[in-house]
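**Student:** File name run-v4.cif; file contents mmCIF, C-alpha atoms; full text below.
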data_upload
#
loop_
_atom_site.label_atom_id
_atom_site.label_comp_id
_atom_site.auth_asym_id
_atom_site.auth_seq_id
_atom_site.Cartn_x
_atom_site.Cartn_y
_atom_site.Cartn_z
CA MET X 1 -22.35 -5.46 20.53
CA MET X 2 -25.17 -5.89 17.99
CA PRO X 3 -25.97 -9.38 16.68
CA VAL X 4 -24.82 -9.73 13.07
CA ASP X 5 -25.76 -11.82 10.08
CA ALA X 6 -22.37 -13.00 8.90
CA SER X 7 -20.93 -15.87 6.90
CA VAL X 8 -18.09 -16.85 4.65
CA VAL X 9 -18.51 -19.62 2.09
CA ALA X 10 -15.79 -21.10 -0.13
CA THR X 11 -16.72 -23.43 -2.97
CA ASP X 12 -14.01 -25.51 -4.70
CA VAL X 13 -11.49 -22.76 -4.11
CA ALA X 14 -7.96 -23.11 -5.43
CA TRP X 15 -5.10 -20.63 -5.67
CA ARG X 16 -1.80 -20.98 -7.45
CA VAL X 17 1.45 -19.12 -7.92
CA GLY X 18 2.77 -19.74 -11.42
CA TYR X 19 2.20 -23.46 -12.05
CA ARG X 20 2.27 -24.42 -8.37
CA TRP X 21 -1.06 -24.94 -6.63
CA ILE X 22 -0.82 -23.59 -3.07
CA ILE X 23 -4.38 -24.57 -2.06
CA LYS X 24 -6.70 -26.92 -3.94
CA ASP X 25 -10.41 -27.83 -3.99
CA ILE X 26 -11.33 -26.22 -0.71
CA SER X 27 -14.98 -25.95 0.24
CA LEU X 28 -16.08 -24.67 3.63
CA GLN X 29 -18.77 -22.65 5.28
CA VAL X 30 -18.56 -20.67 8.52
CA THR X 31 -21.75 -18.99 9.64
CA ALA X 32 -22.80 -16.59 12.39
CA GLY X 33 -21.70 -17.68 15.85
CA GLU X 34 -19.23 -20.28 14.59
CA VAL X 35 -15.51 -20.23 15.34
CA ALA X 36 -13.43 -22.44 13.04
CA LEU X 37 -9.85 -23.39 13.83
CA LEU X 38 -7.58 -24.05 10.87
CA VAL X 39 -4.88 -26.54 11.78
CA GLY X 40 -1.97 -27.46 9.55
CA GLY X 41 1.79 -27.59 9.40
CA ASN X 42 4.06 -24.89 8.00
CA GLY X 43 3.40 -24.46 4.28
CA SER X 44 0.09 -26.32 4.39
CA GLY X 45 -1.74 -23.30 2.94
CA LYS X 46 -3.41 -21.76 6.02
CA THR X 47 -2.25 -18.20 5.33
CA SER X 48 -2.99 -18.48 1.60
CA LEU X 49 -6.50 -19.75 2.34
CA LEU X 50 -7.17 -16.86 4.73
CA ARG X 51 -5.88 -14.35 2.17
CA VAL X 52 -8.18 -15.81 -0.49
CA LEU X 53 -11.13 -15.74 1.95
CA ALA X 54 -10.30 -12.11 2.80
CA GLY X 55 -10.21 -11.19 -0.90
CA LEU X 56 -6.53 -10.19 -0.85
CA ASN X 57 -5.60 -13.04 -3.19
CA LYS X 58 -7.94 -13.72 -6.09
CA ALA X 59 -8.96 -17.39 -6.24
CA SER X 60 -7.54 -19.04 -9.38
CA ARG X 61 -10.57 -21.35 -9.35
CA GLY X 62 -13.79 -21.60 -7.38
CA GLN X 63 -15.80 -18.97 -5.56
CA VAL X 64 -15.78 -17.16 -2.23
CA SER X 65 -18.78 -15.31 -0.87
CA ARG X 66 -18.72 -13.15 2.25
CA HIS X 67 -21.56 -11.51 4.13
CA GLY X 68 -21.09 -8.88 6.79
CA GLY X 69 -17.68 -7.40 5.91
CA VAL X 70 -14.28 -8.89 6.63
CA GLY X 71 -11.72 -8.06 9.32
CA PHE X 72 -8.32 -9.69 8.81
CA VAL X 73 -5.37 -10.08 11.16
CA ALA X 74 -2.39 -11.26 9.14
CA HIS X 75 1.22 -12.23 9.90
CA HIS X 76 2.17 -8.62 9.11
CA SER X 77 0.50 -5.84 11.04
CA MET X 78 -0.55 -3.86 7.92
CA LEU X 79 0.26 -0.72 9.93
CA TYR X 80 2.76 2.14 9.47
CA ASP X 81 5.83 2.32 11.73
CA ALA X 82 6.09 6.12 11.42
CA LEU X 83 2.51 6.76 12.59
CA THR X 84 1.32 6.55 16.19
CA GLY X 85 -1.10 3.83 17.27
CA ARG X 86 -3.99 6.28 17.21
CA GLU X 87 -2.98 7.76 13.84
CA ASN X 88 -2.84 4.29 12.34
CA LEU X 89 -6.41 3.56 13.41
CA MET X 90 -7.64 7.03 12.42
CA PHE X 91 -6.19 6.52 8.95
CA VAL X 92 -8.19 3.31 8.54
CA THR X 93 -11.26 5.12 9.85
CA ARG X 94 -10.87 7.77 7.17
CA LEU X 95 -10.88 5.06 4.51
CA GLY X 96 -14.33 3.91 5.65
CA ARG X 97 -17.63 5.63 5.10
CA GLY X 98 -19.37 7.15 8.09
CA ARG X 99 -17.35 5.32 10.72
CA ASP X 100 -17.34 6.81 14.19
CA PRO X 101 -13.86 8.06 15.21
CA ALA X 102 -14.88 7.43 18.86
CA ARG X 103 -14.59 3.72 18.03
CA VAL X 104 -10.82 4.23 17.76
CA ASP X 105 -10.57 5.24 21.42
CA GLU X 106 -12.92 2.45 22.44
CA LEU X 107 -10.77 -0.18 20.71
CA LEU X 108 -7.52 1.28 22.04
CA GLN X 109 -8.99 0.94 25.51
CA GLN X 110 -10.24 -2.63 24.88
CA MET X 111 -6.80 -3.67 23.72
CA GLY X 112 -5.03 -1.98 26.65
CA LEU X 113 -3.24 0.51 24.39
CA THR X 114 -4.66 3.84 25.55
CA ALA X 115 -1.42 4.87 27.26
CA ALA X 116 0.63 4.00 24.16
CA ALA X 117 -1.80 5.57 21.68
CA THR X 118 0.41 8.60 20.99
CA GLN X 119 3.61 6.59 20.55
CA ARG X 120 4.86 5.68 17.11
CA LEU X 121 4.31 2.07 16.08
CA ALA X 122 8.09 1.67 15.67
CA THR X 123 8.39 1.87 19.47
CA TYR X 124 5.77 -0.85 20.10
CA SER X 125 6.69 -4.36 21.23
CA ARG X 126 5.60 -7.33 19.09
CA GLY X 127 2.66 -7.98 21.43
CA MET X 128 1.49 -4.34 21.35
CA THR X 129 1.72 -4.28 17.55
CA GLN X 130 -0.33 -7.47 17.36
CA ARG X 131 -3.01 -6.00 19.63
CA LEU X 132 -3.14 -2.84 17.50
CA ALA X 133 -3.45 -5.01 14.37
CA ILE X 134 -6.43 -6.76 15.99
CA ALA X 135 -7.97 -3.38 16.87
CA ARG X 136 -7.48 -2.39 13.25
CA ALA X 137 -9.35 -5.47 12.05
CA LEU X 138 -12.26 -4.74 14.41
CA LEU X 139 -12.61 -1.04 13.47
CA ASP X 140 -15.35 -1.56 10.91
CA GLU X 141 -17.25 -4.03 13.16
CA PRO X 142 -16.88 -6.76 10.54
CA GLY X 143 -19.22 -9.75 10.49
CA VAL X 144 -16.43 -12.11 9.44
CA LEU X 145 -13.13 -12.22 11.34
CA LEU X 146 -10.13 -13.98 9.81
CA LEU X 147 -7.24 -14.33 12.24
CA ASP X 148 -3.83 -15.65 11.23
CA GLU X 149 -1.92 -16.66 14.38
CA PRO X 150 -3.64 -13.97 16.50
CA LEU X 151 -1.81 -14.96 19.71
CA SER X 152 1.64 -14.90 18.16
CA GLY X 153 4.01 -12.83 20.31
CA LEU X 154 1.44 -12.12 23.02
CA ASP X 155 2.09 -12.59 26.73
CA GLU X 156 -0.45 -14.35 28.94
CA ASN X 157 -2.33 -11.15 29.79
CA ALA X 158 -2.56 -9.93 26.18
CA ALA X 159 -3.52 -13.42 24.95
CA GLY X 160 -6.35 -13.34 27.49
CA ILE X 161 -7.56 -10.00 26.12
CA VAL X 162 -7.59 -11.37 22.56
CA ALA X 163 -9.28 -14.64 23.59
CA ASP X 164 -12.01 -12.59 25.31
CA VAL X 165 -12.46 -10.48 22.17
CA ILE X 166 -12.92 -13.69 20.16
CA GLN X 167 -15.45 -15.02 22.68
CA ARG X 168 -17.47 -11.77 22.64
CA HIS X 169 -17.58 -11.70 18.85
CA ARG X 170 -18.61 -15.34 18.72
CA ASP X 171 -21.43 -14.64 21.19
CA ALA X 172 -22.54 -11.65 19.13
CA GLY X 173 -22.94 -13.84 16.06
CA HIS X 174 -19.77 -13.15 14.10
CA ALA X 175 -18.26 -15.82 11.87
CA ILE X 176 -14.63 -16.39 12.86
CA ILE X 177 -11.83 -18.42 11.29
CA ILE X 178 -8.53 -18.74 13.15
CA ALA X 179 -5.36 -20.27 11.76
CA THR X 180 -3.22 -21.16 14.73
CA HIS X 181 -0.60 -23.41 16.25
CA GLN X 182 -1.64 -22.29 19.76
CA LEU X 183 -4.56 -24.65 20.18
CA ILE X 184 -4.57 -24.82 23.98
CA GLU X 185 -5.59 -21.15 24.35
CA LEU X 186 -8.26 -21.21 21.64
CA VAL X 187 -9.79 -24.68 21.45
CA ASP X 188 -12.42 -23.89 24.11
CA ARG X 189 -13.74 -21.02 21.99
CA ALA X 190 -13.98 -23.03 18.75
CA THR X 191 -16.97 -24.90 17.32
CA VAL X 192 -15.37 -26.54 14.27
CA VAL X 193 -11.89 -27.50 13.15
CA GLY X 194 -10.45 -27.77 9.64
CA PHE X 195 -7.28 -29.76 8.92
CA LEU X 196 -5.13 -28.52 6.05
CA VAL X 197 -2.67 -31.03 4.63
CA SER X 198 -0.55 -30.16 1.56
CA GLY X 199 -2.95 -27.42 0.45
CA ARG X 200 -6.09 -29.57 0.73
CA LEU X 201 -8.78 -29.47 3.39
CA ALA X 202 -8.37 -33.04 4.62
CA ALA X 203 -11.26 -32.82 7.10
CA TRP X 204 -13.78 -30.28 8.44
CA GLU X 205 -15.29 -31.52 11.70
CA PRO X 206 -17.10 -30.29 14.82
CA ILE X 207 -14.84 -29.88 17.85
CA ASP X 208 -17.06 -32.32 19.81
CA GLY X 209 -15.40 -31.62 23.13
CA ARG X 210 -11.92 -32.52 21.93
CA ASP X 211 -8.99 -30.81 23.58
CA ALA X 212 -5.76 -29.61 21.93
CA SER X 213 -4.05 -32.99 22.13
CA GLY X 214 -7.11 -34.72 20.62
CA ILE X 215 -7.02 -32.31 17.69
CA MET X 216 -3.29 -32.78 17.17
CA HIS X 217 -3.75 -36.55 17.27
CA ARG X 218 -6.40 -36.29 14.53
CA TYR X 219 -4.12 -34.00 12.49
CA ARG X 220 -1.26 -36.51 12.67
CA GLU X 221 -3.61 -39.25 11.44
CA LEU X 222 -4.69 -37.18 8.44
CA ALA X 223 -1.14 -36.05 7.65
CA ALA X 224 0.05 -39.69 7.76
CA ASP X 225 -2.65 -40.70 5.25
CA ASP X 226 -1.52 -38.00 2.81
CA MET W 227 -16.54 11.48 -8.19
CA THR W 228 -18.10 11.35 -4.73
CA ASN W 229 -17.01 13.22 -1.63
CA GLY W 230 -16.10 9.84 -0.13
CA PHE W 231 -13.74 9.13 -3.02
CA VAL W 232 -12.02 12.51 -2.71
CA ALA W 233 -11.81 12.22 1.09
CA MET W 234 -10.23 8.76 0.85
CA ALA W 235 -7.71 9.84 -1.79
CA TRP W 236 -6.81 12.88 0.30
CA ALA W 237 -6.46 10.74 3.46
CA ILE W 238 -3.96 8.49 1.62
CA ALA W 239 -2.00 11.46 0.26
CA ALA W 240 -1.99 13.20 3.66
CA LYS W 241 -0.75 10.01 5.34
CA ASP W 242 2.09 9.66 2.81
CA LEU W 243 3.11 13.29 3.21
CA ALA W 244 2.94 13.13 7.02
CA ILE W 245 5.19 10.05 7.04
CA GLU W 246 7.62 11.66 4.59
CA TRP W 247 7.71 14.87 6.65
CA ARG W 248 8.54 12.83 9.77
CA THR W 249 11.13 10.54 8.26
CA LYS W 250 12.40 12.86 5.47
CA THR W 251 13.90 9.76 3.84
CA ALA W 252 13.18 10.64 0.24
CA LEU W 253 12.94 14.41 0.67
CA VAL W 254 16.50 14.94 1.87
CA SER W 255 18.01 12.60 -0.73
CA SER W 256 15.98 14.18 -3.56
CA LEU W 257 16.92 17.74 -2.59
CA VAL W 258 20.60 16.90 -2.10
CA PHE W 259 20.59 15.08 -5.44
CA ALA W 260 18.94 18.04 -7.20
CA ILE W 261 21.45 20.55 -5.79
CA LEU W 262 24.40 18.32 -6.70
CA VAL W 263 23.23 17.78 -10.29
CA LEU W 264 22.64 21.50 -10.83
CA ALA W 265 26.05 22.39 -9.41
CA ILE W 266 28.07 19.59 -11.05
CA LEU W 267 26.63 20.15 -14.52
CA TYR W 268 27.21 23.89 -14.19
CA PHE W 269 30.85 23.57 -13.21
CA ALA W 270 31.53 20.68 -15.60
CA ARG W 271 30.76 22.68 -18.74
CA ASP W 272 33.40 24.56 -20.78
CA ALA W 273 32.11 28.13 -20.47
CA THR W 274 33.96 29.20 -23.65
CA ALA W 275 32.28 26.47 -25.74
CA VAL W 276 28.77 26.11 -24.32
CA SER W 277 26.72 28.90 -22.79
CA SER W 278 24.77 28.16 -19.65
CA PHE W 279 21.63 29.26 -21.48
CA GLU W 280 21.99 26.44 -24.06
CA MET W 281 22.45 23.84 -21.36
CA ALA W 282 19.77 25.09 -19.02
CA PRO W 283 16.62 23.32 -20.34
CA GLY W 284 18.29 19.89 -20.44
CA VAL W 285 19.86 20.36 -17.00
CA LEU W 286 16.53 21.46 -15.51
CA TRP W 287 14.67 18.35 -16.70
CA VAL W 288 17.46 15.89 -15.91
CA THR W 289 17.42 17.31 -12.38
CA PHE W 290 13.63 17.15 -11.99
CA THR W 291 13.36 13.66 -13.50
CA PHE W 292 16.01 11.91 -11.45
CA ALA W 293 15.30 13.78 -8.20
CA GLY W 294 11.60 13.00 -8.55
CA MET W 295 12.32 9.34 -9.22
CA LEU W 296 13.84 8.97 -5.76
CA GLY W 297 10.49 10.02 -4.28
CA LEU W 298 8.47 7.72 -6.53
CA ASN W 299 10.56 4.76 -5.42
CA ARG W 300 9.70 5.51 -1.81
CA ALA W 301 5.95 5.85 -2.44
CA PHE W 302 5.15 2.13 -2.57
CA LEU W 303 8.11 0.86 -0.55
CA LEU W 304 6.28 2.54 2.32
CA GLU W 305 3.24 0.36 1.62
CA MET W 306 5.29 -2.85 1.61
CA GLU W 307 6.55 -2.13 5.13
CA ASN W 308 4.34 -4.42 7.25
CA ARG W 309 2.29 -5.05 4.05
CA ALA W 310 0.27 -1.92 4.70
CA LEU W 311 -1.08 -1.99 1.12
CA ASP W 312 -3.06 -5.12 2.06
CA GLY W 313 -4.56 -3.13 4.91
CA MET W 314 -5.67 -0.40 2.52
CA ARG W 315 -7.17 -2.96 0.16
CA LEU W 316 -9.29 -4.35 3.00
CA THR W 317 -10.93 -0.95 3.54
CA LYS W 318 -13.66 0.59 1.43
CA ALA W 319 -11.06 2.55 -0.56
CA THR W 320 -11.31 1.56 -4.23
CA PRO W 321 -8.17 0.93 -6.30
CA ALA W 322 -8.93 4.21 -8.09
CA ALA W 323 -9.01 6.07 -4.76
CA ILE W 324 -5.71 4.44 -3.73
CA PHE W 325 -4.13 5.39 -7.08
CA PHE W 326 -5.38 8.99 -6.81
CA GLY W 327 -4.16 9.22 -3.22
CA LYS W 328 -0.69 7.92 -4.04
CA MET W 329 -0.55 10.14 -7.13
CA ILE W 330 -1.54 13.29 -5.21
CA GLY W 331 1.11 12.49 -2.60
CA ASN W 332 3.71 12.03 -5.35
CA LEU W 333 2.63 15.23 -7.12
CA VAL W 334 3.04 17.26 -3.93
CA PHE W 335 6.42 15.62 -3.24
CA VAL W 336 7.81 16.14 -6.77
CA GLY W 337 6.26 19.62 -6.91
CA PHE W 338 8.03 20.55 -3.67
CA VAL W 339 11.38 19.28 -4.97
CA GLU W 340 10.85 21.28 -8.19
CA LEU W 341 9.87 24.37 -6.23
CA VAL W 342 13.07 24.23 -4.18
CA SER W 343 15.26 23.38 -7.19
CA LEU W 344 13.92 26.15 -9.47
CA PRO W 345 15.46 29.13 -7.61
CA LEU W 346 18.80 27.27 -7.49
CA PHE W 347 18.52 26.64 -11.23
CA ILE W 348 17.87 30.34 -11.85
CA LEU W 349 20.81 31.26 -9.60
CA PHE W 350 23.31 28.87 -11.23
CA TYR W 351 22.31 29.33 -14.87
CA ASP W 352 21.35 33.00 -14.74
CA VAL W 353 18.40 32.51 -17.09
CA PRO W 354 16.01 35.38 -17.89
CA ILE W 355 12.97 33.75 -16.41
CA TRP W 356 10.90 36.09 -14.26
CA THR W 357 8.61 37.51 -16.98
CA ARG W 358 8.05 34.00 -18.41
CA LEU W 359 7.61 32.23 -15.13
CA PRO W 360 3.85 31.53 -15.52
CA ILE W 361 4.28 29.63 -18.77
CA LEU W 362 7.33 27.77 -17.46
CA VAL W 363 5.33 26.73 -14.40
CA ALA W 364 2.51 25.55 -16.71
CA VAL W 365 5.02 23.39 -18.62
CA MET W 366 6.39 22.06 -15.33
CA ILE W 367 2.89 21.12 -14.15
CA MET W 368 2.03 19.33 -17.41
CA ALA W 369 5.31 17.39 -17.59
CA THR W 370 5.17 16.52 -13.87
CA LEU W 371 1.64 15.18 -14.27
CA ALA W 372 2.76 12.79 -17.03
CA PHE W 373 5.85 11.80 -15.05
CA VAL W 374 3.95 11.15 -11.83
CA SER W 375 1.01 9.29 -13.49
CA VAL W 376 3.18 6.65 -15.09
CA GLY W 377 5.69 6.74 -12.21
CA THR W 378 3.00 5.94 -9.62
CA LEU W 379 1.78 2.99 -11.68
CA LEU W 380 5.27 1.59 -12.29
CA SER W 381 6.38 2.06 -8.71
CA ALA W 382 3.38 -0.07 -7.63
CA MET W 383 4.38 -2.64 -10.27
CA VAL W 384 8.04 -2.99 -9.32
CA VAL W 385 7.75 -2.74 -5.56
CA ARG W 386 7.22 -6.51 -5.13
CA THR W 387 10.23 -7.32 -7.30
CA ARG W 388 13.75 -7.72 -6.04
CA PHE W 389 15.93 -4.65 -6.65
CA SER W 390 12.88 -2.42 -7.10
CA GLU W 391 15.07 0.70 -6.76
CA VAL W 392 16.92 -0.40 -9.90
CA MET W 393 13.87 -1.67 -11.73
CA LEU W 394 11.89 1.58 -11.49
CA PRO W 395 14.31 3.74 -13.52
CA VAL W 396 14.84 0.91 -16.04
CA LEU W 397 11.09 0.67 -16.72
CA LEU W 398 10.17 4.31 -16.22
CA LEU W 399 12.80 6.12 -18.28
CA PRO W 400 11.62 4.83 -21.71
CA PHE W 401 8.11 6.09 -20.91
CA LEU W 402 9.52 9.45 -19.88
CA VAL W 403 11.34 10.13 -23.13
CA PRO W 404 8.34 11.74 -24.91
CA PRO W 405 7.17 14.02 -22.06
CA VAL W 406 10.70 14.99 -21.04
CA VAL W 407 11.73 15.77 -24.64
CA SER W 408 8.55 17.86 -24.99
CA ALA W 409 9.31 19.63 -21.71
CA VAL W 410 12.91 20.36 -22.74
CA GLN W 411 11.78 21.75 -26.11
CA LEU W 412 9.14 23.89 -24.46
CA THR W 413 11.52 25.13 -21.76
CA TRP W 414 14.07 26.16 -24.40
CA ARG W 415 11.38 28.13 -26.28
CA VAL W 416 10.10 29.73 -23.09
CA LEU W 417 13.61 30.83 -22.06
CA ALA W 418 14.35 32.09 -25.58
CA ASP W 419 11.10 34.11 -25.45
CA ARG W 420 9.76 32.46 -28.60
CA PRO W 421 6.15 33.17 -29.61
CA LEU W 422 3.42 30.91 -28.29
CA ALA W 423 2.66 29.70 -31.82
CA GLU W 424 6.02 27.89 -31.83
CA MET W 425 5.03 26.00 -28.70
CA THR W 426 1.53 24.78 -29.49
CA GLY W 427 2.73 21.55 -31.15
CA TRP W 428 4.84 20.53 -28.15
CA LEU W 429 2.12 21.67 -25.73
CA SER W 430 -0.44 19.49 -27.56
CA LEU W 431 1.93 16.54 -27.46
CA LEU W 432 2.55 17.00 -23.73
CA GLY W 433 -1.19 17.39 -23.10
CA ALA W 434 -1.87 14.17 -25.04
CA PHE W 435 0.74 12.31 -22.94
CA ASP W 436 -0.91 13.61 -19.77
CA VAL W 437 -4.33 12.30 -20.78
CA VAL W 438 -3.10 8.94 -22.13
CA PHE W 439 -0.67 8.20 -19.28
CA PHE W 440 -3.17 9.20 -16.63
CA LEU W 441 -6.05 7.14 -18.04
CA LEU W 442 -3.91 4.08 -18.75
CA SER W 443 -2.34 4.20 -15.29
CA LEU W 444 -5.75 4.49 -13.65
CA LEU W 445 -7.14 1.56 -15.66
CA LEU W 446 -4.16 -0.72 -15.07
CA PHE W 447 -3.63 0.01 -11.38
CA GLU W 448 -6.22 -2.45 -10.05
CA ALA W 449 -4.70 -5.35 -12.00
CA ILE W 450 -1.29 -4.50 -10.55
CA ILE W 451 -2.23 -4.40 -6.87
CA VAL W 452 -4.30 -7.63 -6.89
CA GLU W 453 -2.21 -10.75 -6.23
#
Can you present the structure in this file as structure tokens?
**Tutor:**
Amino acid sequence: MMPVDASVVATDVAWRVGYRWIIKDISLQVTAGEVALLVGGNGSGKTSLLRVLAGLNKASRGQVSRHGGVGFVAHHSMLYDALTGRENLMFVTRLGRGRDPARVDELLQQMGLTAAATQRLATYSRGMTQRLAIARALLDEPGVLLLDEPLSGLDENAAGIVADVIQRHRDAGHAIIIATHQLIELVDRATVVGFLVSGRLAAWEPIDGRDASGIMHRYRELAADD
Amino acid sequence: MTNGFVAMAWAIAAKDLAIEWRTKTALVSSLVFAILVLAILYFARDATAVSSFEMAPGVLWVTFTFAGMLGLNRAFLLEMENRALDGMRLTKATPAAIFFGKMIGNLVFVGFVELVSLPLFILFYDVPIWTRLPILVAVMIMATLAFVSVGTLLSAMVVRTRFSEVMLPVLLLPFLVPPVVSAVQLTWRVLADRPLAEMTGWLSLLGAFDVVFFLLSLLLFEAIIVE
């Protein structure tokens, strides 16, 4: 994996639906080799922030700059049920310029989906779909990876595969942001943690050797102050 | 237009058509609908009061319009399944390439439904069509282009709304009045073997709708797919 020059920077970003502000005044910077965990309760704005950072939602205020291309794993797989796993990835490949179709087979193998590559997505389990969605996000070798609950629905083995993928991309100099409730599996791979409370970034701090319970303790403090 | 643009648009259209061919969700319902409309309207008329020839142009375009609408509805519902449209937006495909791709897919779908319906129409209504087929096909292509341009845009617009299947006809039909009226007028003249000079006005109008609807749809599409 080639080292990459990647970063994502948000400056005073806000996004609203109608008159309701979903996220407000968020500034953050994740650079090459950093893995940021986004921690927050349901409805705190984690998914909205990732969608704005990915460029899927246009910021109502503020600016987002990205270097190195973006790969996004969302709540929904962004794949087609009627296509096979391989066809889904080949379709994305065709929407790129000059991508190598051999990368499709390489990713299917990495994600442990080679045997299921010719089955339609509709026959996949939740964990298999999630792994294919991660393969989809990695197709273009993006510098920035945005992962929304990447371990959701994965068994221990599949979660290990995904955690290894995150580690390898971190080591190769990718900038990674992960919104997750599954801190135990991912905290060792992270370098910074952001706490989202009621749509605001209440704190953005280095991990500093904290474990999952230390992070949750800090989150409860910040949420209580809100 | 670069090769990349054309290749991306074609990839999107080919994907849509492959999925439709596998699932046949819209295809079967559109074809069944077209056959039913042609048959019901034929048998519902009073043969002593109205000749099939007088009814034929209106019946043809009612059939094409409503059967085609079933396919247009499906075009973007497919993209909302698993939010696949977001996935497309994350690729290098531009909104214009996505619009072209969806439009080509819709054109092939509606064209196929028309192609299957036309022989049935000729069979039921016994219209003298064979010598005038080229000009009738030209009218069909022009009217279908206007229909599909605005239909692709509106189906992208309504797909995030509740009851999108109901919303599409409500929004689309007013836009279709000018091209469908032009197509009906032209079809009547073609079937009646009228001289080309009698058709130029309607042909110009239909051509103008094609250009305006296509350009407006292309320009507005990006604003519609961005949240």
**Student:** Kindly provide, as number ranges by chain, the polymer residues lying within 10 Å of (11.5, 27.2, -9.1), counting only C-alpha atoms and using the coordinates exactly as they appear in the file.
**Tutor:** W: 286, 337-348, 355, 359, 362-363, 366
**Student:** At a cut-off of 8 Å, list the chain W residues touching chain X, using all atoms listed in the file, as a ChimeraX atom specification.
**Tutor:** /W:230,233-234,237-238,241,245,248-249,304,307-319,452-453
**Student:** Any idea what's packed within 8 Å of W:Ala301, counting all atoms listed in the file, ignoring anything in its chain fewer than 6 positions away? Could you give it as a list of chain:residue names?
**Tutor:**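 What passes the distance filter is W:Asp242, W:Lys328, W:Asn332, W:Thr378, W:Ser381.
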**Student:** How would you write, as a ChimeraX atom specification, the residues chosen by the PyMOL selection byres ((chain W and resi 368) around 12) on this structure?
**Tutor:** /W:333,337,361-367,369-375,405-406,408-409,412-413,428-437,439-440
**Student:** Excluding W:Ala322 and any residue of its chain fewer than 6 positions from it, enumerate the residues within 8 Å of it, using all atoms listed in the file, and give them as number ranges by chain.
**Tutor:** W: 444, 447-448
**Student:** Given all atoms listed in the file as the basis, pick out the residue of W:Trp236, W:Leu349, W:Ile324, W:Phe269 nearest to W:Glu305.
**Tutor:**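 Of the candidates, the smallest distance to W:Glu305 is held by W:Ile324.
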**Student:** Tell me which of X:Val197, X:Val165, X:Val35, X:Pro142 sits closest to X:Leu107, counting all atoms listed in the file.
**Tutor:**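 Nearest to X:Leu107: X:Val165.
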**Student:** Would you mind reading off the distance between atom CA of W:Pro400 and atom CA of W:Val254, one decimal, in Å?
**Tutor:**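 Interatomic distance, atom CA of W:Pro400 to atom CA of W:Val254: 26.1 Å.
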**Student:** As a check of understanding, name the residues that the PyMOL selection byres ((chain X and resi 188) around 12) selects in the supplied structure, as a ChimeraX atom specification.
**Tutor:** /X:35-37,163-164,166-167,170,182-187,189-193,207-212,215
**Student:** When you look at X:Leu53 with a cut-off of 10 Å (counting all atoms listed in the file), what residues show up, excluding the ones that are within fewer than 5 positions of it in the same chain? I need them as a ChimeraX atom specification.
**Tutor:** /X:8-10,13,47-48,58-59,63-66,70,72,144,146,177
**Student:** Running the PyMOL selection byres ((chain W and resi 417) around 9) on this model by hand, what would come out? Give it as an MDAnalysis selection string.
**Tutor:** chainID W and resid 279 282:283 353:355 358 362 412:416 418:420
**Student:** For a test of reading the model, state the distance in Å between atom CA of X:Tyr19 and atom CA of X:Thr180, rounded to one decimal.
**Tutor:**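 Interatomic distance here is 27.4 Å.
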**Student:** Could you check how far atom CA of X:Gly18 sits from atom CA of X:Asp225, in Å to one decimal?
**Tutor:**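 Atom CA of X:Gly18 sits 27.3 Å away from atom CA of X:Asp225.
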**Student:** With 4 Å on each side, where is the centre of the axis-aligned box around all listed atoms of stretch 168-184 of chain X, and how long are its edges in Å to one decimal, as AutoDock Vina command-line options?
**Tutor:**
--center_x -11.8 --center_y -18.2 --center_z 17.6 --size_x 30.3 --size_y 21.2 --size_z 20.7
